[in-house]
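Structure first, commentary second.
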Amino acid sequence: DQLQAIANASGIIPQSITVQQGTALKPVAGQYTKSVGVLEVAMSMIGTYDAFKTFVQGIETNIRLMDIKEMRVDAATRAAVGGLNFNLVIQTYYQVD
């Protein structure tokens with residue numbers, strides 16, 4: 001999975017990843033347009049703020065188009081490495097047909 005690879009490369013630790021299909025986007029009228037499918041990925045991660053910034057930069061520069069739809073940041077428990085819990089919902093898009 002691309003998001004897990006981006007997380008690992010940025011130094012953030014994924015805790016859970018859940019994928020579900022979102023609402024497909026309808027094409028704009030025209031002969032060169034295709035329908036666009038949407039996947040929503042819910043991720044829970046632990047890490048430092050710097051590692052999270054690197055993760056977001058990885059999403060921004062990835063070849064696959066992605067948006068962060070929701071984000072929540074909480075202080076991690078004392079036993080957690082890095083100090084912060086990040087919970088995201090990321091939308092990723094793909095062409096249908």
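Each chain in the structure tokens gets a letter, A, B and so on, in the order shown; residues start at 1 in every chain, and ligands are counted from 1 in the order they appear.
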- [ ] Do a neighbour search on Met45 in chain A at 6 Å with only C-alpha atoms, toss out local chain neighbours closer than 3 positions, and write the hits as a ChimeraX atom specification.
- [x] /A:13-15,85-86
Can you write just those residues out, N, CA, C and O atoms, as a short mmCIF file (atom, residue, chain, number, x, y, z; two decimals), in the first residue's frame?
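Output (part-v4.cif):
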```
data_model
loop_
_atom_site.label_atom_id
_atom_site.label_comp_id
_atom_site.auth_asym_id
_atom_site.auth_seq_id
_atom_site.Cartn_x
_atom_site.Cartn_y
_atom_site.Cartn_z
N ILE A 13 4.60 5.73 12.65
CA ILE A 13 4.25 4.33 12.87
C ILE A 13 2.75 4.14 12.66
O ILE A 13 1.94 4.60 13.47
N PRO A 14 2.35 3.45 11.58
CA PRO A 14 0.92 3.18 11.37
C PRO A 14 0.39 2.22 12.42
O PRO A 14 1.04 1.24 12.75
N GLN A 15 -0.78 2.51 12.97
CA GLN A 15 -1.42 1.64 13.95
C GLN A 15 -2.56 0.86 13.31
O GLN A 15 -2.76 -0.30 13.62
N ASN A 85 -0.68 11.16 18.58
CA ASN A 85 -1.53 10.26 17.80
C ASN A 85 -2.15 11.07 16.68
O ASN A 85 -2.70 12.14 16.92
N PHE A 86 -2.09 10.55 15.46
CA PHE A 86 -2.68 11.19 14.30
C PHE A 86 -3.76 10.27 13.74
O PHE A 86 -3.50 9.09 13.50
#
```
Task: Distance query Gln20 in chain A at most 10 Å, only C-alpha atoms, self and fewer than 4 positions along chain excluded, as a ChimeraX atom specification - done: /A:38-42,91
TODO: Tell me which of A:Ile90, A:Ile12, A:Val96, A:Ala7 sits closest to Thr48 in chain A, counting only C-alpha atoms.
DONE: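 Among the listed residues, A:Ile12 lies closest to Thr48 in chain A.
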Open item on the list: What's the separation between CA of Ile59 in chain A and CA of Gly83 in chain A, in Å to one decimal place?
Closed with: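 CA of Ile59 in chain A sits 21.7 Å away from CA of Gly83 in chain A.
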- [ ] Assign secondary structure with DSSP using the backbone only, and return the residues of range 27-88 of chain A in strand (DSSP E) as an MDAnalysis selection string.
- [x] chainID A and resid 36:47 66:75 84:88
- [ ] Select, from A:Gln57, A:Ser44, A:Gln21, A:Ser35, the residue with the minimum atom-to-atom distance to Ala9 in chain A, counting only C-alpha atoms.
- [x]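 For Ala9 in chain A, the nearest of the given residues is A:Gln57.
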- [ ] Record the distance separating CA of Lys53 in chain A and CA of Thr23 in chain A, expressed in Å with one decimal.
- [x]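 Straight-line distance from CA of Lys53 in chain A to CA of Thr23 in chain A works out to 28.0 Å.
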TODO: State, in Å with one decimal place, the distance from CA of Leu84 in chain A to CA of Phe52 in chain A.
DONE: 9.3 Å
TODO: Excluding Ser10 in chain A and any residue of its chain fewer than 3 positions from it, enumerate the residues within 7 Å of it, using only C-alpha atoms, and give them as a PyMOL selection string.
DONE: chain A and resi 6-7+51+54-55
Keeping only N, CA, C and O atoms, write the selected residues to a file as a short mmCIF file (atom, residue, chain, number, x, y, z; two decimals), in the first residue's frame.
```cif
data_model
loop_
_atom_site.label_atom_id
_atom_site.label_comp_id
_atom_site.auth_asym_id
_atom_site.auth_seq_id
_atom_site.Cartn_x
_atom_site.Cartn_y
_atom_site.Cartn_z
N ILE A 6 4.63 5.38 2.47
CA ILE A 6 4.92 6.79 2.78
C ILE A 6 5.10 6.96 4.29
O ILE A 6 6.01 7.66 4.74
N ALA A 7 4.24 6.31 5.08
CA ALA A 7 4.35 6.39 6.54
C ALA A 7 5.68 5.83 7.02
O ALA A 7 6.38 6.45 7.82
N ALA A 51 7.82 14.01 11.76
CA ALA A 51 7.54 12.83 10.95
C ALA A 51 6.19 12.98 10.24
O ALA A 51 6.04 12.60 9.08
N THR A 54 6.55 15.25 7.25
CA THR A 54 7.17 14.49 6.15
C THR A 54 6.14 13.58 5.49
O THR A 54 6.11 13.44 4.26
N PHE A 55 5.27 12.95 6.29
CA PHE A 55 4.20 12.10 5.75
C PHE A 55 3.27 12.90 4.84
O PHE A 55 2.94 12.47 3.74
#
```
Task: Counting only C-alpha atoms, the option among A:Thr77, A:Glu70, A:Gln2, A:Ile17 closest to Met43 in chain A - done: A:Ile17
Where does DSSP see alpha helix (DSSP H) in range 45-95 of chain A, if you list the residues as a compact mmCIF listing (two decimals) with C-alpha atoms, in the first residue's frame?
```txt
# COMPACT_ATOMS: atom_id res chain seq x y z
CA TYR A 49 5.21 16.33 14.44
CA ASP A 50 8.24 16.40 12.10
CA ALA A 51 7.54 12.83 10.95
CA PHE A 52 3.90 13.80 10.32
CA LYS A 53 4.96 16.81 8.24
CA THR A 54 7.17 14.49 6.15
CA PHE A 55 4.20 12.10 5.75
CA VAL A 56 1.96 14.93 4.48
CA GLN A 57 4.68 16.03 2.04
CA GLY A 58 4.79 12.44 0.77
CA ILE A 59 1.04 12.54 0.13
CA GLU A 60 1.36 15.89 -1.66
CA THR A 61 4.08 14.67 -4.01
```
TODO: Using only C-alpha atoms, find the one residue out of A:Asn87, A:Ala76, A:Val36, A:Tyr93 that sits nearest to Ile63 in chain A.
DONE: A:Tyr93
